[in-house]
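Undergrad: TSV, C-alpha atoms, file my_file21.tsv:
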chain	number	residue	atom	x	y	z
Z	188	MET	CA	-15.87	-27.40	-13.00
Z	189	LYS	CA	-13.50	-27.60	-10.07
Z	190	THR	CA	-14.37	-25.20	-7.27
Z	191	HIS	CA	-12.35	-24.16	-4.23
Z	192	ARG	CA	-13.80	-25.48	-0.97
Z	193	PRO	CA	-13.01	-23.05	1.85
Z	194	PHE	CA	-11.58	-24.47	5.06
Z	195	LEU	CA	-11.00	-22.74	8.41
Z	196	LEU	CA	-12.84	-19.67	7.14
Z	197	LEU	CA	-13.45	-18.14	10.52
Z	198	PHE	CA	-9.76	-18.39	11.32
Z	199	ALA	CA	-9.08	-16.38	8.18
Z	200	LEU	CA	-11.22	-13.56	9.47
Z	201	ALA	CA	-8.71	-12.85	12.18
Z	202	MET	CA	-6.56	-11.39	9.41
Z	203	LEU	CA	-9.35	-9.00	8.42
Z	204	ALA	CA	-9.61	-6.88	11.55
Z	205	THR	CA	-7.90	-4.15	9.55
Z	206	LEU	CA	-8.81	-4.05	5.87
Z	207	GLY	CA	-6.46	-1.27	4.93
Z	208	CYS	CA	-2.88	-0.69	5.95
Z	209	GLY	CA	-3.27	1.90	8.67
Z	210	GLN	CA	-3.49	-0.52	11.54
Z	211	LYS	CA	-3.93	1.02	14.98
Z	212	SER	CA	-1.90	-0.04	17.99
Z	213	PRO	CA	-0.14	2.04	20.65
Z	214	LEU	CA	3.17	3.54	19.65
Z	215	ALA	CA	6.16	2.41	21.64
Z	216	PRO	CA	6.92	4.89	24.45
Z	217	THR	CA	9.02	7.87	23.45
Z	218	GLN	CA	12.60	7.48	24.51
Z	219	THR	CA	13.55	10.91	25.71
Z	220	GLY	CA	10.67	13.29	25.16
Z	221	LEU	CA	13.00	15.83	23.52
Z	222	LYS	CA	10.83	18.60	22.14
Z	223	GLY	CA	11.28	22.14	20.92
Z	224	GLY	CA	13.62	23.68	18.41
Z	225	SER	CA	16.14	25.27	20.76
Z	226	ALA	CA	19.86	25.16	19.98
Z	227	ALA	CA	20.39	23.11	23.14
Z	228	VAL	CA	17.96	20.42	21.96
Z	229	ARG	CA	19.46	20.30	18.47
Z	230	GLN	CA	22.95	20.07	19.95
Z	231	ALA	CA	21.85	17.25	22.24
Z	232	VAL	CA	20.56	15.25	19.28
Z	233	ARG	CA	23.58	15.99	17.09
Z	234	ALA	CA	25.96	15.05	19.86
Z	235	ALA	CA	24.29	11.60	19.81
Z	236	ALA	CA	24.84	11.14	23.53
Z	237	ILE	CA	21.28	9.84	23.92
Z	238	PRO	CA	18.48	8.88	21.54
Z	239	GLY	CA	16.19	11.74	20.56
Z	240	HIS	CA	12.45	11.78	19.91
Z	241	ILE	CA	10.66	14.85	18.59
Z	242	GLU	CA	6.98	15.27	17.71
Z	243	GLY	CA	5.11	18.14	16.13
Z	244	ALA	CA	2.56	19.22	13.53
Z	245	ILE	CA	2.77	20.01	9.83
Z	246	GLY	CA	0.03	22.29	8.63
Z	247	PRO	CA	-2.68	21.73	7.84
Z	248	GLY	CA	-3.58	18.98	10.27
Z	249	ALA	CA	-0.74	16.47	9.91
Z	250	LEU	CA	1.45	15.17	12.72
Z	251	TYR	CA	5.07	14.10	12.50
Z	252	SER	CA	7.67	12.31	14.61
Z	253	ILE	CA	11.45	12.15	14.39
Z	254	ASP	CA	13.70	9.57	16.06
Z	255	VAL	CA	17.49	9.74	16.13
Z	256	PRO	CA	19.61	6.90	17.55
Z	257	ALA	CA	22.60	7.35	19.84
Z	258	ASN	CA	24.90	6.01	17.11
Z	259	TRP	CA	23.41	8.08	14.30
Z	260	ASN	CA	25.26	7.49	11.02
Z	261	GLY	CA	24.14	10.81	9.51
Z	262	ASP	CA	21.52	9.32	7.12
Z	263	LEU	CA	17.75	9.70	7.33
Z	264	VAL	CA	14.84	7.41	6.46
Z	265	LEU	CA	11.43	8.89	5.64
Z	266	TYR	CA	8.62	6.39	6.23
Z	267	ALA	CA	5.31	6.69	4.32
Z	268	HIS	CA	2.47	4.69	5.84
Z	269	GLY	CA	-0.31	2.85	4.05
Z	270	TYR	CA	-4.00	3.46	3.53
Z	271	THR	CA	-6.10	4.40	6.56
Z	272	THR	CA	-9.88	4.53	6.25
Z	273	VAL	CA	-11.56	7.91	6.35
Z	274	GLN	CA	-13.58	6.74	9.35
Z	275	GLU	CA	-10.47	6.69	11.56
Z	276	PRO	CA	-8.93	9.80	13.15
Z	277	VAL	CA	-5.79	11.26	11.63
Z	278	GLY	CA	-2.80	10.07	13.63
Z	279	LEU	CA	0.82	8.98	13.44
Z	280	PRO	CA	1.30	5.59	11.76
Z	281	GLN	CA	1.09	2.66	14.09
Z	282	GLY	CA	0.46	-0.96	13.07
Z	283	GLY	CA	3.86	-2.24	11.96
Z	284	PHE	CA	5.64	1.10	12.16
Z	285	PRO	CA	7.27	0.77	15.61
Z	286	GLY	CA	9.02	-2.40	14.45
Z	287	ILE	CA	10.25	-0.76	11.25
Z	288	ARG	CA	11.36	2.30	13.23
Z	289	ASP	CA	13.35	0.10	15.58
Z	290	GLN	CA	14.97	-1.72	12.65
Z	291	MET	CA	16.22	1.58	11.24
Z	292	LEU	CA	17.37	2.94	14.58
Z	293	SER	CA	19.30	-0.26	15.31
Z	294	ARG	CA	21.20	0.27	12.04
Z	295	GLY	CA	22.16	3.82	12.99
Z	296	PHE	CA	19.62	5.58	10.74
Z	297	ALA	CA	17.40	8.40	11.92
Z	298	ILE	CA	13.76	7.98	10.92
Z	299	ALA	CA	10.93	10.44	10.46
Z	300	THR	CA	7.29	9.81	9.65
Z	301	THR	CA	4.04	11.69	9.35
Z	302	SER	CA	0.33	11.20	9.34
Z	303	TYR	CA	-1.24	12.72	6.31
Z	304	SER	CA	-3.54	15.70	6.72
Z	305	SER	CA	-6.44	13.46	5.75
Z	306	ASN	CA	-7.07	9.73	5.64
Z	307	GLY	CA	-8.28	7.74	2.68
Z	308	PHE	CA	-6.50	7.71	-0.68
Z	309	ALA	CA	-4.40	10.69	0.36
Z	310	GLU	CA	-1.56	10.28	-2.15
Z	311	ALA	CA	-1.24	14.00	-2.89
Z	312	GLU	CA	-1.30	15.01	0.77
Z	313	GLY	CA	1.04	12.18	1.70
Z	314	ALA	CA	3.61	13.08	-0.96
Z	315	ARG	CA	3.58	16.70	0.10
Z	316	GLN	CA	3.90	16.02	3.82
Z	317	VAL	CA	6.47	13.22	3.60
Z	318	HIS	CA	8.59	15.47	1.40
Z	319	GLN	CA	8.35	18.22	4.04
Z	320	LEU	CA	9.90	15.90	6.62
Z	321	ARG	CA	13.42	16.32	5.26
Z	322	GLY	CA	13.25	20.08	5.76
Z	323	LEU	CA	11.78	19.62	9.22
Z	324	PHE	CA	14.55	17.20	10.11
Z	325	THR	CA	17.16	19.67	8.92
Z	326	SER	CA	15.66	22.49	11.00
Z	327	ARG	CA	15.10	20.41	14.12
Z	328	VAL	CA	18.25	18.25	14.01
Z	329	GLN	CA	20.64	18.93	11.10
Z	330	ALA	CA	20.88	18.23	7.38
Z	331	PRO	CA	21.23	14.48	6.74
Z	332	ALA	CA	24.00	13.18	4.53
Z	333	ARG	CA	21.54	11.05	2.54
Z	334	THR	CA	17.78	10.53	2.66
Z	335	PHE	CA	16.06	7.22	1.88
Z	336	LEU	CA	12.34	6.53	1.37
Z	337	VAL	CA	10.50	3.50	2.76
Z	338	GLY	CA	6.81	3.07	1.97
Z	339	SER	CA	4.17	0.44	2.70
Z	340	SER	CA	1.17	-0.08	0.39
Z	341	LEU	CA	-0.18	3.40	-0.46
Z	342	GLY	CA	2.97	4.77	1.17
Z	343	ALA	CA	5.03	2.87	-1.42
Z	344	LEU	CA	3.18	4.72	-4.18
Z	345	ILE	CA	3.94	7.98	-2.37
Z	346	SER	CA	7.62	7.03	-2.05
Z	347	VAL	CA	7.92	6.31	-5.79
Z	348	ASP	CA	6.18	9.60	-6.54
Z	349	LEU	CA	8.82	11.45	-4.51
Z	350	LEU	CA	11.70	9.41	-5.93
Z	351	GLN	CA	10.64	10.31	-9.46
Z	352	THR	CA	9.78	13.94	-8.74
Z	353	TYR	CA	12.79	14.85	-6.56
Z	354	ALA	CA	15.47	12.43	-7.69
Z	355	ASP	CA	18.23	14.81	-6.64
Z	356	GLN	CA	17.06	14.77	-3.01
Z	357	TYR	CA	16.66	11.03	-2.37
Z	358	ALA	CA	19.26	8.26	-2.45
Z	359	GLY	CA	16.79	5.45	-3.07
Z	360	ALA	CA	13.45	3.93	-2.08
Z	361	LEU	CA	12.09	0.66	-0.70
Z	362	SER	CA	8.53	-0.35	-1.62
Z	363	VAL	CA	6.66	-2.89	0.52
Z	364	SER	CA	3.51	-4.32	-1.15
Z	365	GLY	CA	2.97	-1.19	-3.22
Z	366	PRO	CA	0.27	-0.62	-5.89
Z	367	LEU	CA	3.03	0.45	-8.26
Z	368	GLY	CA	1.13	-0.52	-11.37
Z	369	GLY	CA	-0.86	2.60	-10.63
Z	370	THR	CA	-4.02	3.88	-9.02
Z	371	GLN	CA	-6.25	3.04	-11.96
Z	372	ALA	CA	-5.22	-0.63	-12.05
Z	373	GLU	CA	-5.95	-1.00	-8.34
Z	374	PHE	CA	-9.34	0.70	-8.52
Z	375	GLN	CA	-10.30	-1.48	-11.51
Z	376	TYR	CA	-9.37	-4.66	-9.65
Z	377	VAL	CA	-11.21	-3.70	-6.48
Z	378	GLY	CA	-14.29	-2.61	-8.40
Z	379	ASP	CA	-14.33	-5.81	-10.47
Z	380	VAL	CA	-14.35	-8.04	-7.38
Z	381	ARG	CA	-17.22	-6.07	-5.84
Z	382	LEU	CA	-19.32	-6.15	-9.02
Z	383	LEU	CA	-18.68	-9.87	-9.53
Z	384	TYR	CA	-19.86	-10.44	-5.96
Z	385	ASP	CA	-22.98	-8.36	-6.62
Z	386	LEU	CA	-23.73	-10.34	-9.78
Z	387	LEU	CA	-22.93	-13.86	-8.63
Z	388	MET	CA	-23.64	-14.06	-4.90
Z	389	PRO	CA	-27.33	-14.16	-3.82
Z	390	CYS	CA	-26.69	-12.04	-0.71
Z	391	PRO	CA	-26.99	-8.35	-1.64
Z	392	LEU	CA	-24.93	-5.82	0.27
Z	393	PRO	CA	-26.51	-2.66	1.67
Z	394	GLY	CA	-26.37	0.46	-0.48
Z	395	THR	CA	-24.94	0.48	-3.98
Z	396	PHE	CA	-21.57	0.14	-5.66
Z	397	ALA	CA	-21.09	3.92	-5.72
Z	398	GLU	CA	-22.98	4.80	-2.53
Z	399	VAL	CA	-21.97	2.66	0.42
Z	400	PRO	CA	-23.78	3.25	3.71
Z	401	ALA	CA	-21.78	4.62	6.64
Z	402	ILE	CA	-21.76	1.33	8.51
Z	403	PRO	CA	-19.01	-1.25	9.05
Z	404	LEU	CA	-18.49	-3.85	6.35
Z	405	PRO	CA	-20.77	-6.83	7.18
Z	406	GLN	CA	-17.93	-9.38	7.11
Z	407	ASN	CA	-19.78	-12.23	8.82
Z	408	TYR	CA	-22.68	-11.81	6.40
Z	409	ILE	CA	-20.32	-12.03	3.39
Z	410	VAL	CA	-18.52	-15.10	4.73
Z	411	GLY	CA	-21.81	-16.79	5.56
Z	412	CYS	CA	-22.96	-16.17	2.00
Z	413	ILE	CA	-19.76	-17.70	0.64
Z	414	LEU	CA	-20.13	-20.78	2.85
Z	415	GLN	CA	-23.65	-21.35	1.60
Z	416	ASN	CA	-22.87	-20.67	-2.07
Z	417	GLN	CA	-19.48	-22.20	-2.72
Z	418	GLN	CA	-20.12	-23.00	-6.37
Z	419	GLN	CA	-20.99	-19.38	-7.10
Z	420	PHE	CA	-17.94	-18.29	-5.13
Z	421	GLY	CA	-15.81	-20.62	-7.27
Z	422	ILE	CA	-17.09	-18.82	-10.36
Z	423	LEU	CA	-16.28	-15.43	-8.79
Z	424	VAL	CA	-12.66	-16.26	-7.98
Z	425	SER	CA	-12.16	-17.90	-11.39
Z	426	THR	CA	-13.13	-14.73	-13.26
Z	427	ARG	CA	-11.23	-11.55	-14.00
Z	428	ARG	CA	-11.24	-8.86	-16.63
Z	429	GLU	CA	-9.01	-9.50	-19.64
Z	430	GLY	CA	-5.55	-8.19	-18.73
Z	431	GLY	CA	-6.61	-7.73	-15.11
Z	432	PHE	CA	-5.54	-9.30	-11.83
Z	433	PRO	CA	-6.81	-12.64	-10.50
Z	434	VAL	CA	-7.99	-13.03	-6.92
Z	435	ALA	CA	-5.00	-14.17	-4.84
Z	436	GLY	CA	-4.97	-17.50	-3.03
Z	437	ASN	CA	-4.08	-21.15	-3.45
Z	438	ASN	CA	-6.75	-22.53	-1.11
Z	439	GLY	CA	-10.25	-21.66	0.03
Z	440	ASN	CA	-9.10	-19.96	3.19
Z	441	GLU	CA	-6.85	-17.55	1.28
Z	442	LEU	CA	-9.40	-16.89	-1.46
Z	443	VAL	CA	-12.09	-15.95	1.06
Z	444	THR	CA	-9.68	-13.64	2.86
Z	445	SER	CA	-8.70	-11.95	-0.41
Z	446	VAL	CA	-12.29	-11.40	-1.53
Z	447	VAL	CA	-13.46	-10.01	1.81
Z	448	SER	CA	-10.37	-7.77	2.05
Z	449	THR	CA	-10.92	-6.45	-1.47
Z	450	ILE	CA	-14.63	-5.82	-0.97
Z	451	GLY	CA	-13.64	-4.05	2.25
Z	452	PHE	CA	-11.35	-1.68	0.36
Z	453	GLN	CA	-14.14	-0.98	-2.11
Z	454	TRP	CA	-16.57	-0.49	0.79
Z	455	TYR	CA	-14.40	2.06	2.59
Z	456	GLY	CA	-12.39	3.47	-0.29
Z	457	MET	CA	-14.52	3.80	-3.44
Z	458	GLY	CA	-16.64	6.62	-2.04
Z	459	ASP	CA	-13.48	8.41	-0.92
Z	460	GLY	CA	-12.04	8.09	-4.44
Z	461	ILE	CA	-15.23	9.46	-5.97
Z	462	ASP	CA	-15.24	12.34	-3.48
Z	463	ARG	CA	-11.62	13.17	-4.33
Z	464	ALA	CA	-12.56	13.20	-8.03
Z	465	HIS	CA	-15.23	15.84	-7.25
Z	466	GLY	CA	-18.07	13.34	-7.28
Z	467	HIS	CA	-17.14	11.71	-10.60
Z	468	MET	CA	-16.89	7.96	-11.15
Z	469	VAL	CA	-13.28	6.73	-10.92
Z	470	TYR	CA	-14.02	3.12	-11.91
Z	471	ASP	CA	-14.48	2.04	-15.51
Z	472	ASN	CA	-15.58	-1.29	-16.97
Z	473	HIS	CA	-17.79	-0.06	-19.80
Z	474	ASP	CA	-15.94	-2.17	-22.38
Z	475	ALA	CA	-14.18	-4.71	-20.12
Z	476	LEU	CA	-14.28	-8.35	-21.20
Z	477	TYR	CA	-14.42	-10.81	-18.32
Z	478	VAL	CA	-12.53	-14.04	-18.93
Z	479	SER	CA	-11.61	-17.31	-17.23
Z	480	SER	CA	-9.35	-20.25	-17.96
Z	481	VAL	CA	-11.80	-22.78	-16.46
Z	482	LEU	CA	-15.35	-21.51	-16.97
Z	483	PRO	CA	-17.43	-22.61	-19.97
Z	484	PRO	CA	-18.28	-19.99	-22.64
Z	485	GLN	CA	-21.96	-19.84	-21.70
Z	486	VAL	CA	-21.13	-18.92	-18.09
Z	487	LEU	CA	-18.75	-16.18	-19.23
Z	488	ALA	CA	-21.36	-14.91	-21.68
Z	489	GLY	CA	-23.81	-14.59	-18.80
Z	490	ILE	CA	-21.24	-12.70	-16.69
Z	491	ASN	CA	-20.39	-10.26	-19.47
Z	492	ALA	CA	-24.08	-9.68	-20.22
Z	493	GLY	CA	-25.14	-9.32	-16.60
Z	494	ILE	CA	-22.40	-7.41	-14.78
Z	495	ALA	CA	-23.14	-3.76	-14.01
Z	496	ARG	CA	-21.25	-1.32	-16.22
Z	497	TYR	CA	-19.73	2.03	-15.26
Z	498	THR	CA	-17.80	4.65	-17.21
Z	499	ALA	CA	-15.20	6.89	-15.62
Z	500	THR	CA	-15.49	10.57	-16.47
Z	501	PRO	CA	-12.57	12.49	-18.03
Z	502	ASP	CA	-12.13	14.46	-14.79
Z	503	ALA	CA	-11.92	11.26	-12.78
Z	504	GLU	CA	-9.43	9.71	-15.20
Z	505	SER	CA	-7.31	12.86	-14.86
Z	506	PHE	CA	-7.45	12.43	-11.07
Z	507	LEU	CA	-6.23	8.85	-11.40
Z	508	ARG	CA	-3.36	9.86	-13.68
Z	509	GLN	CA	-2.22	12.49	-11.19
Z	510	HIS	CA	-2.63	10.37	-8.03
Z	511	TYR	CA	-0.76	8.35	-9.07
Z	512	GLU	CA	0.52	6.57	-12.20
Z	513	PRO	CA	4.30	5.93	-12.08
Z	514	SER	CA	6.00	6.99	-15.30
Z	515	GLY	CA	8.68	4.33	-15.10
Z	516	VAL	CA	11.51	6.88	-15.21
Z	517	LEU	CA	13.91	6.09	-12.35
Z	518	GLU	CA	17.08	8.07	-11.73
Z	519	ARG	CA	17.73	6.49	-8.32
Z	520	PRO	CA	17.50	2.88	-7.06
Z	521	LEU	CA	14.05	1.48	-6.31
Z	522	LEU	CA	13.85	-1.90	-4.56
Z	523	THR	CA	10.44	-3.59	-4.21
Z	524	ILE	CA	9.26	-6.57	-2.16
Z	525	HIS	CA	5.84	-8.13	-2.74
Z	526	ALA	CA	3.99	-11.29	-1.72
Z	527	GLU	CA	2.97	-13.38	-4.72
Z	528	ARG	CA	-0.45	-13.95	-3.11
Z	529	ASP	CA	-1.16	-10.42	-1.92
Z	530	ARG	CA	-4.75	-10.31	-0.66
Z	531	LEU	CA	-5.30	-6.63	-1.48
Z	532	VAL	CA	-2.70	-5.27	-3.92
Z	533	PRO	CA	-2.10	-8.05	-6.46
Z	534	TRP	CA	1.44	-8.99	-7.35
Z	535	GLY	CA	0.58	-8.18	-10.98
Z	536	HIS	CA	1.22	-4.52	-10.11
Z	537	GLU	CA	4.93	-5.38	-10.20
Z	538	GLN	CA	4.69	-6.56	-13.81
Z	539	LEU	CA	2.95	-3.34	-14.81
Z	540	LEU	CA	5.73	-1.37	-13.13
Z	541	LEU	CA	8.37	-3.47	-14.87
Z	542	ASP	CA	6.77	-2.78	-18.25
Z	543	ARG	CA	6.85	0.98	-17.64
Z	544	VAL	CA	10.40	1.00	-16.32
Z	545	THR	CA	11.56	-1.10	-19.27
Z	546	ALA	CA	9.87	1.26	-21.73
Z	547	ALA	CA	11.51	4.23	-19.99
Z	548	GLY	CA	14.98	2.65	-20.19
Z	549	SER	CA	15.41	2.68	-16.39
Z	550	LEU	CA	15.88	-1.04	-15.65
Z	551	GLY	CA	19.27	-0.34	-14.10
Z	552	ASN	CA	17.51	1.38	-11.19
Z	553	LEU	CA	14.82	-1.24	-10.49
Z	554	SER	CA	15.20	-4.39	-8.38
Z	555	GLN	CA	12.04	-6.43	-7.76
Z	556	SER	CA	11.70	-9.34	-5.35
Z	557	HIS	CA	8.61	-11.50	-4.90
Z	558	TYR	CA	8.01	-14.26	-2.38
Z	559	ALA	CA	5.71	-17.29	-2.21
Z	560	ARG	CA	3.72	-15.82	0.67
Z	561	PHE	CA	0.11	-14.88	1.32
Z	562	GLY	CA	-0.92	-11.51	2.70
Z	563	HIS	CA	-0.51	-7.81	2.17
Z	564	THR	CA	1.96	-5.75	4.20
Z	565	GLU	CA	1.57	-8.20	7.09
Z	566	ALA	CA	3.27	-10.82	4.90
Z	567	PHE	CA	6.56	-9.09	5.79
Z	568	SER	CA	7.94	-8.71	9.30
Z	569	ALA	CA	9.87	-5.69	10.49
Z	570	ALA	CA	13.03	-7.83	10.22
Z	571	ASP	CA	12.15	-8.55	6.57
Z	572	VAL	CA	11.84	-4.83	5.87
Z	573	GLY	CA	15.16	-4.22	7.62
Z	574	ALA	CA	16.90	-6.87	5.51
Z	575	ALA	CA	15.44	-5.47	2.28
Z	576	PHE	CA	16.55	-2.00	3.34
Z	577	ASP	CA	20.07	-3.33	3.90
Z	578	ALA	CA	20.07	-4.52	0.28
Z	579	LEU	CA	18.95	-1.09	-0.91
Z	580	VAL	CA	21.68	0.69	1.07
Z	581	ALA	CA	24.35	-1.73	-0.18
Z	582	TRP	CA	23.16	-1.05	-3.73
Z	583	THR	CA	23.51	2.72	-3.28
Z	584	ASN	CA	26.92	2.26	-1.65
Z	585	THR	CA	28.40	-0.04	-4.28
Z	586	GLY	CA	26.39	0.65	-7.42
Z	587	VAL	CA	25.77	-3.09	-7.76
Z	588	LYS	CA	22.11	-4.07	-8.11
Z	589	PRO	CA	21.19	-6.88	-5.67
Z	590	ALA	CA	20.22	-10.27	-7.00
Z	591	SER	CA	16.50	-11.08	-6.76
Z	592	PRO	CA	14.92	-12.13	-4.55
Z	593	VAL	CA	16.87	-10.37	-1.84
Z	594	PRO	CA	17.27	-12.49	1.33
Z	595	LEU	CA	14.87	-11.38	4.05
Z	596	GLY	CA	15.02	-11.46	7.83
Z	597	PRO	CA	14.79	-14.56	10.01
Kindly return the structure encoded in the file as structure tokens.
TA:
Amino acid sequence: MKTHRPFLLLFALAMLATLGCGQKSPLAPTQTGLKGGSAAVRQAVRAAAIPGHIEGAIGPGALYSIDVPANWNGDLVLYAHGYTTVQEPVGLPQGGFPGIRDQMLSRGFAIATTSYSSNGFAEAEGARQVHQLRGLFTSRVQAPARTFLVGSSLGALISVDLLQTYADQYAGALSVSGPLGGTQAEFQYVGDVRLLYDLLMPCPLPGTFAEVPAIPLPQNYIVGCILQNQQQFGILVSTRREGGFPVAGNNGNELVTSVVSTIGFQWYGMGDGIDRAHGHMVYDNHDALYVSSVLPPQVLAGINAGIARYTATPDAESFLRQHYEPSGVLERPLLTIHAERDRLVPWGHEQLLLDRVTAAGSLGNLSQSHYARFGHTEAFSAADVGAAFDALVAWTNTGVKPASPVPLGP
């Protein structure tokens, strides 16, 4: 059996400082400090003599910001950020957001964003609070001519939720690395990787699959285990559930990064998912068959006999359907960009979305682009997002769906 031999593994760990998508770095300085809802402030922003920056709070417990460029074209972008671990404080999106904000402002678009009232898998809160931004923008600035949605990772799922629910209020949406095959598919993938690690790697993690201790993920311990047990690691990355997603990577370095990232999401996110489902198990593999194109039948038989089995409860499955499983019905343009070797949200989500959109008869409103890149949202620069957004706007202006893949930034 051919196994993947990891190289430069410690270099890969530099990519793992943030396992989710809510990276933390200081926001760029505000440009004018315009605050308050007075007529004078609103007139100053509308007059577009100077850029405007407004911050405030959306109850309960969410923060928002609005930026309007000097050359405002009258359109608004609502940005939905990605997953942030529950251990971090609620705050405005940072990470790659300042670059995306600047891309939109440079094109003449106003942009508004919000934290969610809680961190974790806050799809319901995020959808509610992002949707509120348009009304806030109207009251603090003026009604936009058109409103677009841009979402990264979990924020992409939120954006599609809003596009489907309020099609009359949004002109179109851009998804960056979104789990658009649905919440259940992502939880199944993440849980499978963790359970395969538990079965195959002789380095047990603290706690249990469902009850993770409140300590940081022991990344160095996991990587050390992989280095010392490369044959077992080769079996892990060669295995997936039938119909499920493979671990992303075309070399050892990428495969290690993907596995540690995915275990990290399970480590920080599975308990949050269970809590949101009122303490019920959201992961299900009770009848899953684990397969491989390279492993011998006796090895697969051992995996299927030995892997721990869990059954999701009806209440938990209802939670997953509500938060969130795209229906595939699209009345407005949706453009997606995704790395083919996404370390956290496998590219296979795009095929699941395509199947649903095709079944719903909405292919005319879906444009998907994938790229031979490795990484999650960090696989795309702010300039890439800006270029993809240009393609979305051109599509809404002309009615002509862009060819795939859309050209990205330099």
Undergrad: For CA of His473 (chain Z) and CA of Phe420 (chain Z), determine how far apart the two atoms are, in Å to one decimal place.
TA: 23.4 Å
Undergrad: Applying 10 Å and all atoms listed in the file, which residues near Phe432 (chain Z) remain after dropping the ones on its own chain fewer than 2 positions away? List them as a VMD selection string.
TA: chain Z and resid 372 to 373 375 to 377 379 to 380 426 to 430 434 to 435 532 to 536
Undergrad: Rounded to one decimal place, report the CA of Leu522 (chain Z)-CA of Thr271 (chain Z) distance in Å.
TA: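 According to the coordinates, CA of Leu522 (chain Z) and CA of Thr271 (chain Z) are separated by 23.7 Å.
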Undergrad: Just to confirm, what's the straight-line distance from CA of Gln406 (chain Z) to CA of Thr449 (chain Z) in Å (one decimal)?
TA: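 Value for the CA of Gln406 (chain Z)-CA of Thr449 (chain Z) distance: 11.5 Å.
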Undergrad: Write out as a PDB file with C-alpha atoms, in the frame of the given file each polymer residue whose atoms come within 12 Å of Thr352 (chain Z), counting only C-alpha atoms; drop sequence neighbours fewer than 2 positions from it.
TA:
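Output (result-v7.pdb):
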ATOM      1  CA  ALA Z 314       3.610  13.080  -0.960  1.00  0.00           C
ATOM      2  CA  ARG Z 315       3.580  16.700   0.100  1.00  0.00           C
ATOM      3  CA  HIS Z 318       8.590  15.470   1.400  1.00  0.00           C
ATOM      4  CA  ILE Z 345       3.940   7.980  -2.370  1.00  0.00           C
ATOM      5  CA  SER Z 346       7.620   7.030  -2.050  1.00  0.00           C
ATOM      6  CA  VAL Z 347       7.920   6.310  -5.790  1.00  0.00           C
ATOM      7  CA  ASP Z 348       6.180   9.600  -6.540  1.00  0.00           C
ATOM      8  CA  LEU Z 349       8.820  11.450  -4.510  1.00  0.00           C
ATOM      9  CA  LEU Z 350      11.700   9.410  -5.930  1.00  0.00           C
ATOM     10  CA  ALA Z 354      15.470  12.430  -7.690  1.00  0.00           C
ATOM     11  CA  ASP Z 355      18.230  14.810  -6.640  1.00  0.00           C
ATOM     12  CA  GLN Z 356      17.060  14.770  -3.010  1.00  0.00           C
ATOM     13  CA  TYR Z 357      16.660  11.030  -2.370  1.00  0.00           C
ATOM     14  CA  TYR Z 511      -0.760   8.350  -9.070  1.00  0.00           C
ATOM     15  CA  PRO Z 513       4.300   5.930 -12.080  1.00  0.00           C
ATOM     16  CA  SER Z 514       6.000   6.990 -15.300  1.00  0.00           C
ATOM     17  CA  GLY Z 515       8.680   4.330 -15.100  1.00  0.00           C
ATOM     18  CA  VAL Z 516      11.510   6.880 -15.210  1.00  0.00           C
ATOM     19  CA  LEU Z 517      13.910   6.090 -12.350  1.00  0.00           C
ATOM     20  CA  GLU Z 518      17.080   8.070 -11.730  1.00  0.00           C
ATOM     21  CA  ARG Z 519      17.730   6.490  -8.320  1.00  0.00           C
TER      22      ARG Z 519
END
Undergrad: Which neighbours of Ser304 (chain Z) fall inside 10 Å, counting only C-alpha atoms, when residues of the same chain fewer than 6 positions from it are skipped, and could you give them as a list in words?
TA: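 Residues meeting the cut-off are Ala244, Ile245, Gly246, Pro247, Gly248, Ala249, Leu250, Val277, Gly278, Glu312, Gly313, Arg315 and Gln316 of chain Z.
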Undergrad: For those residues, write C-alpha atoms to a file as a PDB file, in the coordinates of the input.
TA:
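What landed in result_10.pdb:
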ATOM      1  CA  ALA Z 244       2.560  19.220  13.530  1.00  0.00           C
ATOM      2  CA  ILE Z 245       2.770  20.010   9.830  1.00  0.00           C
ATOM      3  CA  GLY Z 246       0.030  22.290   8.630  1.00  0.00           C
ATOM      4  CA  PRO Z 247      -2.680  21.730   7.840  1.00  0.00           C
ATOM      5  CA  GLY Z 248      -3.580  18.980  10.270  1.00  0.00           C
ATOM      6  CA  ALA Z 249      -0.740  16.470   9.910  1.00  0.00           C
ATOM      7  CA  LEU Z 250       1.450  15.170  12.720  1.00  0.00           C
ATOM      8  CA  VAL Z 277      -5.790  11.260  11.630  1.00  0.00           C
ATOM      9  CA  GLY Z 278      -2.800  10.070  13.630  1.00  0.00           C
ATOM     10  CA  GLU Z 312      -1.300  15.010   0.770  1.00  0.00           C
ATOM     11  CA  GLY Z 313       1.040  12.180   1.700  1.00  0.00           C
ATOM     12  CA  ARG Z 315       3.580  16.700   0.100  1.00  0.00           C
ATOM     13  CA  GLN Z 316       3.900  16.020   3.820  1.00  0.00           C
TER      14      GLN Z 316
END
